[in-house]
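Undergrad: What follows is model_27.tsv; its format and atoms are TSV, C-alpha atoms.
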chain	number	residue	atom	x	y	z
A	1	MET	CA	0.00	0.00	0.00
A	2	SER	CA	1.37	3.39	-0.97
A	3	ALA	CA	2.49	5.37	2.06
A	4	TRP	CA	0.89	8.43	0.50
A	5	ASN	CA	-2.53	6.91	0.90
A	6	ASN	CA	-2.83	6.28	4.62
A	7	VAL	CA	-5.78	8.70	4.53
A	8	LEU	CA	-7.53	9.43	1.25
A	9	ILE	CA	-9.90	12.40	1.06
A	10	VAL	CA	-12.49	12.61	-1.69
A	11	GLY	CA	-13.19	16.30	-2.30
A	12	GLY	CA	-10.93	19.31	-1.90
A	13	GLY	CA	-13.46	21.83	-0.66
A	14	ALA	CA	-13.77	23.44	2.76
A	15	ALA	CA	-14.39	20.26	4.77
A	16	GLY	CA	-11.93	18.19	2.74
A	17	MET	CA	-9.02	20.61	3.09
A	18	TYR	CA	-9.62	21.13	6.81
A	19	ALA	CA	-9.83	17.34	7.28
A	20	ALA	CA	-6.59	16.89	5.34
A	21	ILE	CA	-4.76	19.37	7.57
A	22	ALA	CA	-6.15	17.76	10.74
A	23	ALA	CA	-5.07	14.27	9.60
A	24	ALA	CA	-1.68	15.30	8.23
A	25	GLY	CA	-1.00	17.35	11.34
A	26	ARG	CA	-1.35	14.11	13.31
A	27	GLY	CA	1.21	12.26	11.24
A	28	ALA	CA	-0.87	10.66	8.51
A	29	HIS	CA	0.18	10.64	4.86
A	30	VAL	CA	-2.77	12.29	3.14
A	31	THR	CA	-3.94	12.44	-0.48
A	32	ILE	CA	-6.81	14.64	-1.65
A	33	LEU	CA	-8.72	13.35	-4.66
A	34	GLU	CA	-10.26	16.41	-6.34
A	35	LYS	CA	-12.11	16.36	-9.66
A	36	ASN	CA	-11.75	20.11	-10.30
A	37	ASP	CA	-8.56	21.65	-11.62
A	38	ARG	CA	-8.12	23.55	-8.34
A	39	LEU	CA	-8.97	23.20	-4.66
A	40	GLY	CA	-11.73	25.15	-2.93
A	41	LYS	CA	-13.60	26.16	-6.07
A	42	LYS	CA	-16.87	26.79	-4.21
A	43	LEU	CA	-15.06	28.77	-1.51
A	44	TYR	CA	-14.06	31.36	-4.10
A	45	ILE	CA	-17.69	32.43	-4.55
A	46	THR	CA	-18.96	32.19	-0.96
A	47	GLY	CA	-19.93	35.41	0.77
A	48	LYS	CA	-20.12	37.16	-2.62
A	49	GLY	CA	-16.45	36.42	-3.14
A	50	ARG	CA	-15.44	37.56	0.35
A	51	CYS	CA	-15.84	34.21	2.17
A	52	ASN	CA	-17.78	34.43	5.42
A	53	VAL	CA	-15.36	32.10	7.24
A	54	THR	CA	-17.32	31.54	10.45
A	55	ASN	CA	-19.37	33.36	13.06
A	56	ASN	CA	-17.56	34.86	16.06
A	57	CYS	CA	-19.73	33.18	18.68
A	58	SER	CA	-19.87	30.16	20.98
A	59	ALA	CA	-20.43	26.57	19.89
A	60	GLU	CA	-23.82	26.72	21.59
A	61	GLU	CA	-24.79	29.75	19.49
A	62	VAL	CA	-23.73	27.92	16.33
A	63	ARG	CA	-26.01	25.02	17.22
A	64	LYS	CA	-28.92	27.43	17.73
A	65	ASN	CA	-28.47	28.42	14.09
A	66	VAL	CA	-28.60	24.83	12.84
A	67	PRO	CA	-32.21	23.84	12.07
A	68	THR	CA	-31.34	20.32	10.91
A	69	ASN	CA	-29.77	17.79	13.30
A	70	ALA	CA	-28.04	20.29	15.59
A	71	ARG	CA	-27.58	17.68	18.35
A	72	PHE	CA	-25.50	15.53	16.01
A	73	LEU	CA	-22.91	18.35	15.91
A	74	PHE	CA	-22.46	18.69	19.68
A	75	SER	CA	-19.13	16.82	19.88
A	76	ALA	CA	-17.71	18.18	16.62
A	77	LEU	CA	-18.50	21.80	17.49
A	78	SER	CA	-17.17	21.38	21.01
A	79	ALA	CA	-13.83	20.14	19.63
A	80	CYS	CA	-13.64	22.73	16.84
A	81	GLN	CA	-15.25	26.01	17.85
A	82	PRO	CA	-15.35	29.27	15.86
A	83	GLN	CA	-12.46	30.66	17.93
A	84	ASP	CA	-10.35	27.62	17.01
A	85	VAL	CA	-11.05	28.22	13.32
A	86	MET	CA	-10.18	31.90	13.60
A	87	THR	CA	-6.94	31.05	15.38
A	88	PHE	CA	-6.03	28.57	12.62
A	89	PHE	CA	-6.40	31.12	9.84
A	90	GLU	CA	-4.66	33.93	11.68
A	91	GLN	CA	-1.74	31.71	12.72
A	92	ASN	CA	-1.35	30.71	9.10
A	93	GLY	CA	-1.14	34.23	7.74
A	94	CYS	CA	-4.76	35.17	7.04
A	95	ALA	CA	-5.89	38.16	9.12
A	96	LEU	CA	-9.59	38.20	9.94
A	97	LYS	CA	-12.20	40.79	10.95
A	98	THR	CA	-15.65	40.56	12.54
A	99	GLU	CA	-18.56	42.46	11.00
A	100	ARG	CA	-22.29	42.92	11.62
A	101	GLY	CA	-23.98	39.83	13.01
A	102	ASN	CA	-20.59	38.51	14.19
A	103	ARG	CA	-19.80	37.43	10.64
A	104	VAL	CA	-16.08	36.79	10.17
A	105	PHE	CA	-14.27	37.68	6.91
A	106	PRO	CA	-10.64	37.92	5.81
A	107	VAL	CA	-9.33	41.47	6.22
A	108	SER	CA	-8.51	41.41	2.49
A	109	ASP	CA	-12.22	40.88	1.64
A	110	ARG	CA	-11.02	38.21	-0.81
A	111	SER	CA	-11.89	34.51	-0.69
A	112	ALA	CA	-8.55	33.89	-2.36
A	113	SER	CA	-6.86	34.75	0.95
A	114	ILE	CA	-8.55	31.73	2.56
A	115	ILE	CA	-7.57	29.44	-0.33
A	116	ASP	CA	-3.97	30.69	-0.24
A	117	CYS	CA	-3.87	29.98	3.48
A	118	PHE	CA	-4.98	26.39	2.86
A	119	LYS	CA	-2.53	25.85	0.01
A	120	LYS	CA	0.35	27.05	2.18
A	121	ARG	CA	-0.54	24.73	5.07
A	122	LEU	CA	-1.27	21.72	2.83
A	123	HIS	CA	2.12	22.20	1.17
A	124	GLU	CA	3.86	22.42	4.55
A	125	LEU	CA	2.22	19.15	5.62
A	126	ARG	CA	3.09	17.49	2.29
A	127	VAL	CA	-0.51	16.69	1.45
A	128	ARG	CA	-0.68	15.33	-2.08
A	129	VAL	CA	-3.44	16.50	-4.46
A	130	VAL	CA	-4.52	14.27	-7.35
A	131	GLN	CA	-7.04	15.35	-9.99
A	132	ASP	CA	-9.51	12.52	-10.53
A	133	THR	CA	-13.17	11.69	-9.92
A	134	ALA	CA	-14.09	9.02	-7.37
A	135	LYS	CA	-16.47	6.44	-8.82
A	136	GLU	CA	-16.76	3.82	-6.07
A	137	LEU	CA	-15.71	3.05	-2.51
A	138	LEU	CA	-14.29	-0.49	-2.48
A	139	LEU	CA	-14.98	-2.66	0.57
A	140	ARG	CA	-13.78	-6.07	1.61
A	141	GLY	CA	-15.78	-7.75	4.36
A	142	GLY	CA	-17.44	-4.42	5.19
A	143	VAL	CA	-14.08	-2.68	5.54
A	144	PHE	CA	-12.85	0.04	3.18
A	145	TYR	CA	-9.64	-0.64	1.24
A	146	ALA	CA	-9.61	1.58	-1.89
A	147	VAL	CA	-11.35	4.17	-4.04
A	148	ARG	CA	-11.93	3.43	-7.70
A	149	GLY	CA	-11.40	6.60	-9.71
A	150	GLU	CA	-11.84	7.37	-13.38
A	151	LYS	CA	-8.09	7.07	-13.94
A	152	THR	CA	-7.02	4.34	-11.53
A	153	GLU	CA	-7.58	2.72	-8.14
A	154	TYR	CA	-6.38	4.42	-4.96
A	155	PRO	CA	-5.70	2.00	-2.08
A	156	ALA	CA	-5.82	3.53	1.40
A	157	ASP	CA	-6.30	2.64	5.05
A	158	CYS	CA	-9.34	4.90	5.26
A	159	VAL	CA	-11.28	7.51	3.30
A	160	ILE	CA	-13.04	10.77	4.14
A	161	VAL	CA	-15.89	11.59	1.77
A	162	ALA	CA	-16.18	15.40	1.62
A	163	THR	CA	-17.77	15.92	-1.78
A	164	GLY	CA	-20.26	18.61	-0.77
A	165	GLY	CA	-23.97	18.69	-1.61
A	166	CYS	CA	-25.56	19.48	-4.95
A	167	SER	CA	-25.77	23.27	-4.77
A	168	TYR	CA	-23.72	25.34	-7.24
A	169	PRO	CA	-23.03	22.33	-9.53
A	170	LEU	CA	-20.67	24.40	-11.71
A	171	THR	CA	-18.22	24.38	-8.78
A	172	GLY	CA	-18.23	20.59	-8.74
A	173	SER	CA	-20.93	20.08	-6.09
A	174	THR	CA	-22.96	17.69	-8.21
A	175	GLY	CA	-23.99	15.18	-5.56
A	176	ASP	CA	-21.35	12.58	-6.45
A	177	GLY	CA	-20.83	11.67	-2.81
A	178	TYR	CA	-24.48	10.71	-2.38
A	179	ALA	CA	-24.06	7.85	-4.86
A	180	LEU	CA	-20.84	6.71	-3.14
A	181	ALA	CA	-22.61	6.63	0.23
A	182	ARG	CA	-25.76	4.94	-1.06
A	183	ALA	CA	-23.70	2.21	-2.73
A	184	ILE	CA	-22.22	1.12	0.62
A	185	GLY	CA	-25.63	0.98	2.29
A	186	HIS	CA	-26.25	4.48	3.61
A	187	THR	CA	-29.71	6.04	3.72
A	188	LEU	CA	-29.94	9.35	1.88
A	189	ILE	CA	-32.34	12.08	2.97
A	190	GLU	CA	-33.41	13.53	-0.38
A	191	PRO	CA	-31.42	16.74	-0.89
A	192	GLU	CA	-33.24	20.00	-1.46
A	193	GLY	CA	-32.26	23.64	-1.42
A	194	SER	CA	-31.67	25.55	1.78
A	195	LEU	CA	-30.69	29.22	1.66
A	196	VAL	CA	-32.37	29.47	-1.72
A	197	PRO	CA	-34.57	32.02	-3.57
A	198	LEU	CA	-38.35	31.58	-3.37
A	199	VAL	CA	-40.71	31.16	-6.32
A	200	GLU	CA	-43.87	33.26	-6.21
A	201	ARG	CA	-47.35	31.83	-6.72
A	202	GLY	CA	-48.52	34.55	-9.07
A	203	HIS	CA	-46.95	37.19	-11.31
A	204	ASP	CA	-46.58	40.37	-9.24
A	205	CYS	CA	-42.86	39.93	-8.59
A	206	ALA	CA	-42.11	39.76	-12.31
A	207	GLN	CA	-43.61	43.25	-12.64
A	208	MET	CA	-41.11	44.50	-10.05
A	209	GLN	CA	-38.13	42.52	-11.39
A	210	GLY	CA	-34.83	44.12	-10.39
A	211	LEU	CA	-36.27	46.13	-7.49
A	212	SER	CA	-34.04	45.88	-4.43
A	213	LEU	CA	-35.39	46.95	-1.04
A	214	ARG	CA	-32.73	47.59	1.59
A	215	ASN	CA	-34.51	48.43	4.82
A	216	VAL	CA	-37.58	46.25	5.03
A	217	SER	CA	-38.97	43.74	7.49
A	218	LEU	CA	-39.84	40.24	6.31
A	219	LYS	CA	-42.03	37.64	7.97
A	220	LEU	CA	-42.38	34.12	6.57
A	221	LYS	CA	-45.70	32.57	7.55
A	222	ASN	CA	-46.81	28.97	7.13
A	223	ALA	CA	-50.21	27.74	5.96
A	224	LYS	CA	-51.64	28.18	9.48
A	225	GLY	CA	-50.52	31.80	9.55
A	226	LYS	CA	-47.77	31.16	12.09
A	227	THR	CA	-44.64	33.28	11.68
A	228	VAL	CA	-41.69	30.88	11.30
A	229	PHE	CA	-39.10	33.53	10.41
A	230	GLU	CA	-38.80	37.28	10.95
A	231	ASP	CA	-35.90	39.63	10.26
A	232	PHE	CA	-34.92	43.02	8.90
A	233	GLY	CA	-32.68	43.75	5.91
A	234	GLU	CA	-32.46	43.49	2.14
A	235	LEU	CA	-34.43	41.57	-0.47
A	236	LEU	CA	-34.78	41.52	-4.24
A	237	PHE	CA	-37.76	41.03	-6.56
A	238	THR	CA	-36.94	38.74	-9.50
A	239	HIS	CA	-38.71	37.44	-12.60
A	240	PHE	CA	-39.73	34.31	-10.64
A	241	GLY	CA	-40.20	35.60	-7.09
A	242	LEU	CA	-37.97	36.76	-4.26
A	243	SER	CA	-34.25	36.62	-3.54
A	244	GLY	CA	-31.66	38.48	-1.45
A	245	PRO	CA	-30.21	37.87	2.03
A	246	LEU	CA	-33.51	38.07	3.92
A	247	VAL	CA	-35.21	35.60	1.60
A	248	LEU	CA	-32.34	33.11	1.59
A	249	SER	CA	-32.41	33.02	5.39
A	250	ALA	CA	-36.20	32.65	5.41
A	251	SER	CA	-36.06	29.66	3.04
A	252	ALA	CA	-34.14	27.61	5.60
A	253	HIS	CA	-37.20	27.77	7.88
A	254	MET	CA	-39.54	26.11	5.38
A	255	ALA	CA	-40.39	22.58	6.50
A	256	ARG	CA	-39.76	19.81	4.00
A	257	GLY	CA	-42.88	18.97	1.98
A	258	GLU	CA	-45.05	21.73	3.46
A	259	GLU	CA	-46.93	24.17	1.22
A	260	GLY	CA	-48.94	27.33	1.72
A	261	TYR	CA	-46.13	29.65	2.82
A	262	ALA	CA	-46.34	33.41	2.30
A	263	ALA	CA	-43.76	36.18	2.61
A	264	GLU	CA	-45.13	39.28	4.32
A	265	ILE	CA	-43.07	42.43	3.75
A	266	ASP	CA	-43.33	45.63	5.78
A	267	LEU	CA	-42.31	48.24	3.21
A	268	LYS	CA	-42.04	50.96	5.88
A	269	PRO	CA	-40.87	49.27	9.09
A	270	ALA	CA	-39.49	52.49	10.54
A	271	LEU	CA	-42.99	54.00	10.63
A	272	ASP	CA	-45.74	52.75	12.92
A	273	GLU	CA	-49.26	52.78	11.50
A	274	GLN	CA	-50.20	56.16	12.98
A	275	THR	CA	-47.04	57.83	11.65
A	276	LEU	CA	-47.43	56.19	8.25
A	277	ASP	CA	-51.06	57.31	8.03
A	278	ALA	CA	-50.01	60.88	8.82
A	279	ARG	CA	-47.39	60.65	6.08
A	280	ILE	CA	-49.96	59.40	3.55
A	281	VAL	CA	-52.37	62.22	4.50
A	282	ARG	CA	-49.58	64.75	4.06
A	283	ASP	CA	-48.68	63.37	0.63
A	284	PHE	CA	-52.32	63.34	-0.43
A	285	GLU	CA	-52.80	66.98	0.63
A	286	LYS	CA	-49.77	67.92	-1.44
A	287	ASN	CA	-51.07	66.00	-4.48
A	288	GLN	CA	-54.83	66.38	-3.98
A	289	ASN	CA	-55.58	67.11	-7.66
A	290	ARG	CA	-53.50	64.21	-8.97
A	291	ASP	CA	-54.71	60.75	-9.98
A	292	PHE	CA	-54.27	58.18	-7.21
A	293	ALA	CA	-51.73	56.21	-9.30
A	294	ASN	CA	-49.53	59.29	-9.58
A	295	SER	CA	-49.62	60.29	-5.93
A	296	LEU	CA	-47.35	57.66	-4.39
A	297	SER	CA	-43.99	58.40	-6.02
A	298	GLU	CA	-42.51	59.98	-2.88
A	299	LEU	CA	-43.70	57.11	-0.70
A	300	LEU	CA	-42.84	54.00	-2.74
A	301	PRO	CA	-40.40	52.84	-5.44
A	302	ARG	CA	-41.75	53.38	-8.94
A	303	SER	CA	-41.98	49.71	-10.00
A	304	ILE	CA	-44.01	48.63	-6.97
A	305	ILE	CA	-46.66	51.37	-7.28
A	306	PRO	CA	-48.81	49.67	-9.98
A	307	VAL	CA	-48.98	46.50	-7.88
A	308	VAL	CA	-49.89	48.41	-4.71
A	309	VAL	CA	-52.53	50.43	-6.56
A	310	ARG	CA	-54.11	47.31	-8.03
A	311	ARG	CA	-54.17	45.57	-4.65
A	312	SER	CA	-55.73	48.59	-2.99
A	313	GLY	CA	-58.81	48.35	-5.20
A	314	VAL	CA	-58.76	52.13	-5.73
A	315	ASP	CA	-59.34	53.32	-9.29
A	316	PRO	CA	-55.89	54.45	-10.53
A	317	ALA	CA	-57.56	57.50	-12.15
A	318	GLN	CA	-59.46	58.54	-9.01
A	319	LYS	CA	-58.41	61.96	-7.76
A	320	VAL	CA	-56.58	61.89	-4.46
A	321	ASN	CA	-59.01	64.39	-2.90
A	322	ALA	CA	-61.76	61.79	-3.38
A	323	VAL	CA	-59.93	58.93	-1.64
A	324	THR	CA	-61.92	57.83	1.41
A	325	ARG	CA	-60.57	57.07	4.87
A	326	GLN	CA	-61.39	53.40	4.28
A	327	GLN	CA	-59.42	53.38	1.00
A	328	ARG	CA	-56.51	55.09	2.73
A	329	ARG	CA	-56.62	52.42	5.44
A	330	GLN	CA	-56.51	49.71	2.78
A	331	LEU	CA	-53.43	51.36	1.26
A	332	LEU	CA	-51.72	51.46	4.66
A	333	GLU	CA	-52.47	47.76	5.26
A	334	ILE	CA	-50.89	46.83	1.93
A	335	ILE	CA	-47.75	48.86	2.63
A	336	LYS	CA	-47.31	47.36	6.11
A	337	HIS	CA	-48.29	43.82	5.06
A	338	PHE	CA	-47.25	43.42	1.42
A	339	THR	CA	-47.80	39.70	0.93
A	340	VAL	CA	-46.20	37.41	-1.65
A	341	PRO	CA	-47.67	33.86	-1.77
A	342	ILE	CA	-44.88	31.29	-2.17
A	343	ALA	CA	-45.27	28.37	-4.57
A	344	CYS	CA	-41.99	26.61	-3.74
A	345	LYS	CA	-38.26	26.99	-3.28
A	346	ALA	CA	-36.12	27.60	-6.36
A	347	PRO	CA	-34.29	24.52	-7.74
A	348	VAL	CA	-31.54	23.06	-5.55
A	349	GLU	CA	-28.96	24.09	-8.17
A	350	GLU	CA	-29.59	27.71	-7.15
A	351	ALA	CA	-29.16	27.05	-3.42
A	352	ILE	CA	-26.18	28.23	-1.40
A	353	VAL	CA	-26.33	24.99	0.61
A	354	THR	CA	-28.44	21.86	0.57
A	355	THR	CA	-30.46	20.26	3.29
A	356	GLY	CA	-30.54	16.48	3.15
A	357	GLY	CA	-27.76	13.98	2.55
A	358	VAL	CA	-26.31	11.07	4.50
A	359	LYS	CA	-28.61	10.18	7.41
A	360	VAL	CA	-26.75	11.23	10.54
A	361	SER	CA	-28.01	8.34	12.69
A	362	GLU	CA	-25.79	6.13	10.49
A	363	VAL	CA	-22.67	8.18	11.32
A	364	ASP	CA	-20.71	8.35	14.61
A	365	PRO	CA	-21.10	11.99	15.78
A	366	LYS	CA	-17.71	12.02	17.56
A	367	THR	CA	-15.60	10.61	14.71
A	368	MET	CA	-17.80	11.07	11.61
A	369	GLN	CA	-17.12	7.41	10.82
A	370	SER	CA	-19.75	5.40	8.95
A	371	LYS	CA	-21.66	2.84	10.98
A	372	LYS	CA	-22.11	0.88	7.75
A	373	ALA	CA	-18.49	0.48	6.67
A	374	ALA	CA	-15.30	0.60	8.75
A	375	GLY	CA	-12.71	3.08	7.50
A	376	VAL	CA	-15.24	5.38	5.79
A	377	PHE	CA	-15.72	8.86	7.23
A	378	PHE	CA	-17.90	11.78	6.13
A	379	ALA	CA	-17.45	15.55	6.45
A	380	GLY	CA	-19.26	18.71	5.38
A	381	GLU	CA	-22.36	19.24	3.32
A	382	ILE	CA	-22.73	15.59	2.28
A	383	LEU	CA	-24.16	15.04	5.78
A	384	ASP	CA	-27.78	15.92	6.55
A	385	VAL	CA	-26.89	19.05	8.51
A	386	ASP	CA	-27.30	22.67	7.44
A	387	ALA	CA	-27.50	26.09	9.03
A	388	TYR	CA	-28.67	29.64	8.48
A	389	THR	CA	-26.56	32.35	6.86
A	390	GLY	CA	-23.82	34.08	8.81
A	391	GLY	CA	-20.81	31.73	8.53
A	392	PHE	CA	-22.52	28.84	10.30
A	393	ASN	CA	-22.46	26.44	7.35
A	394	LEU	CA	-18.72	26.85	6.90
A	395	GLN	CA	-18.28	26.34	10.64
A	396	ILE	CA	-20.07	22.99	10.22
A	397	ALA	CA	-17.65	22.14	7.40
A	398	TRP	CA	-14.61	22.99	9.54
A	399	ALA	CA	-15.92	21.14	12.60
A	400	THR	CA	-16.95	17.93	10.82
A	401	GLY	CA	-13.78	18.04	8.73
A	402	PHE	CA	-11.66	18.39	11.86
A	403	ALA	CA	-13.48	15.53	13.60
A	404	ALA	CA	-13.14	13.26	10.56
A	405	GLY	CA	-9.49	14.17	9.98
A	406	CYS	CA	-8.46	13.54	13.58
A	407	ALA	CA	-10.40	10.26	13.77
A	408	ALA	CA	-9.09	9.06	10.39
A	409	ALA	CA	-5.50	9.64	11.52
A	410	GLU	CA	-6.15	7.58	14.67
A	411	TYR	CA	-7.91	4.86	12.65
A	412	GLU	CA	-4.94	4.67	10.28
A	413	LYS	CA	-2.52	4.20	13.20
A	414	THR	CA	-4.65	1.27	14.44
A	415	ALA	CA	-4.82	-0.20	10.93
A	416	THR	CA	-1.04	-0.04	10.46
A	417	GLY	CA	-0.02	-0.78	14.02
A	418	GLY	CA	1.26	2.76	14.43
A	419	ASN	CA	3.55	2.61	11.39
A	420	VAL	CA	3.03	5.13	8.59
Starting from the file, give its structure as structure tokens.

TA:
Amino acid sequence: MSAWNNVLIVGGGAAGMYAAIAAAGRGAHVTILEKNDRLGKKLYITGKGRCNVTNNCSAEEVRKNVPTNARFLFSALSACQPQDVMTFFEQNGCALKTERGNRVFPVSDRSASIIDCFKKRLHELRVRVVQDTAKELLLRGGVFYAVRGEKTEYPADCVIVATGGCSYPLTGSTGDGYALARAIGHTLIEPEGSLVPLVERGHDCAQMQGLSLRNVSLKLKNAKGKTVFEDFGELLFTHFGLSGPLVLSASAHMARGEEGYAAEIDLKPALDEQTLDARIVRDFEKNQNRDFANSLSELLPRSIIPVVVRRSGVDPAQKVNAVTRQQRRQLLEIIKHFTVPIACKAPVEEAIVTTGGVKVSEVDPKTMQSKKAAGVFFAGEILDVDAYTGGFNLQIAWATGFAAGCAAAEYEKTATGGNV
């Protein structure tokens, strides 16, 4: 068996590289099998190219931001906390800064700084990188012994599968790891988008395509009218529905298989109803001889006015001085509760991360080792764990990668009797 392949890692993304460093740092000879022509391809585009590395908070706070299988991550997050991750990057030459919401970014504001940091450390630890695509995990008597790639076979003492989910397929996250896991007996929770745009049930958003609202409040309500998400920030109207930071966060709160959701937007959250009504009265007095449709330009963005006017039920040509108190009340209700019925999430290919993947009850939460096959470990988005925006998903990648890397190095020592 080649000494280079004590630990083989399938996937050179966030979790795979962190796992490689953890294993190599504990004496294992590590090879990363990466199908792309470069490592960390998806990392280059995260955080709009800035890379939101983690969230500067406690492990407990990270778990609070994990809607899917947070308890599974208890051990991994305890062993690899956000502060540990920040220390790693800063000790390896990548200065960090903390911004709003405790989001952590490289001081350079460039994802490339994170990749360069990894490349430097991987080189120092003599981690080998081979460009190939894994096709099958080979077992003998339920124990892993090699990966069959497109080019050749790669024998190893153990393997860490860190192939990502199926979001952003152009970066290589095409769900390859799901097939590898299923073939050795793992149950797959059907992947779907999390942190993904929302498709409208209707056509109003298309009329407002391109409109970005920066200071609005958004509530996501389920079919029973219960608010499952509420926050303040920025959103975007698109040809199919809604996108932007607020909407991506809201999407993670939509239960699998449930329908009937609606996004309720407060277009003027800084104004309570009484203040907003006074503002409308003031605008109407100033424009009392104008048509209703032409009286709202100082209050609302141009592209949303036709939709608001139609929803109000007021004749667009009615003079403002003839608008009744009841009609004015209806206008106020629409502005404070502008509702967009949601048909579904956008396709998983448009998601930042996926929810679903390898069923976590079939994986040891302390080591990330498969309970189905000895010598097989998992890390990152291939597992059925996901989090909200704010650096939490990358923290999951680092933590599970660290757990898998450390455990794989220990497993390899047992397999070889301590000889590498």

Undergrad: Rounded to one decimal, what separation in Å do you get between atom CA of A:Gln274 and atom CA of A:Asn287?

TA: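 A separation of 20.1 Å between them.
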
Undergrad: Given the choices A:Pro365, A:Gly375, A:Gly313, A:Gly40, which gets closest to A:Arg140 if the distance is worked out from only C-alpha atoms?

TA: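 Among A:Pro365, A:Gly375, A:Gly313, A:Gly40, it is A:Gly375 that comes nearest to A:Arg140.
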
Undergrad: Tell me, in Å to one decimal, how far atom CA of A:Phe118 is from atom CA of A:Ile9.

TA: 14.9 Å

Undergrad: Using all atoms listed in the file, pick whichever of A:Ala146, A:Val130, A:Val340, A:Val309 has the shortest atom-to-atom distance to A:Ala206.

TA: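 The closest residue to A:Ala206 is A:Val340.
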
Undergrad: Smallest atom-to-atom distance to A:Phe74: which of A:Ala399, A:Val127, A:Leu33, A:Leu271, using only C-alpha atoms?

TA: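 For A:Phe74, the nearest of the candidates is A:Ala399.
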
Undergrad: As a list in words, please: the residues near stretch 297-306 of chain A (cut-off 8 Å, only C-alpha atoms, same-chain neighbours under 2 positions excluded).

TA: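 Counting only the stated atoms, we get Gln207, Met208, Leu211, Ile280, Asp283, Ala293, Asn294, Ser295, Val308, Val309 and Arg310 of chain A.
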
Undergrad: Go ahead and compute the interatomic distance for atom CA of A:Glu190 and atom CA of A:Phe144, in Å to one decimal.

TA: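 One can read the atom CA of A:Glu190 to atom CA of A:Phe144 distance as 24.8 Å.
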
Undergrad: Ranking A:Arg328, A:Gly257, A:Asn92, A:Ala252 by minimum distance to A:Arg279 and counting all atoms listed in the file, which one comes first?

TA: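 With all atoms listed in the file as the atom set, the closest residue is A:Arg328.
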
Undergrad: Taking all atoms listed in the file into account, name the residue in A:Ala134, A:Ile114, A:Val363, A:Ala408 that is nearest to A:Lys35.

TA: A:Ala134
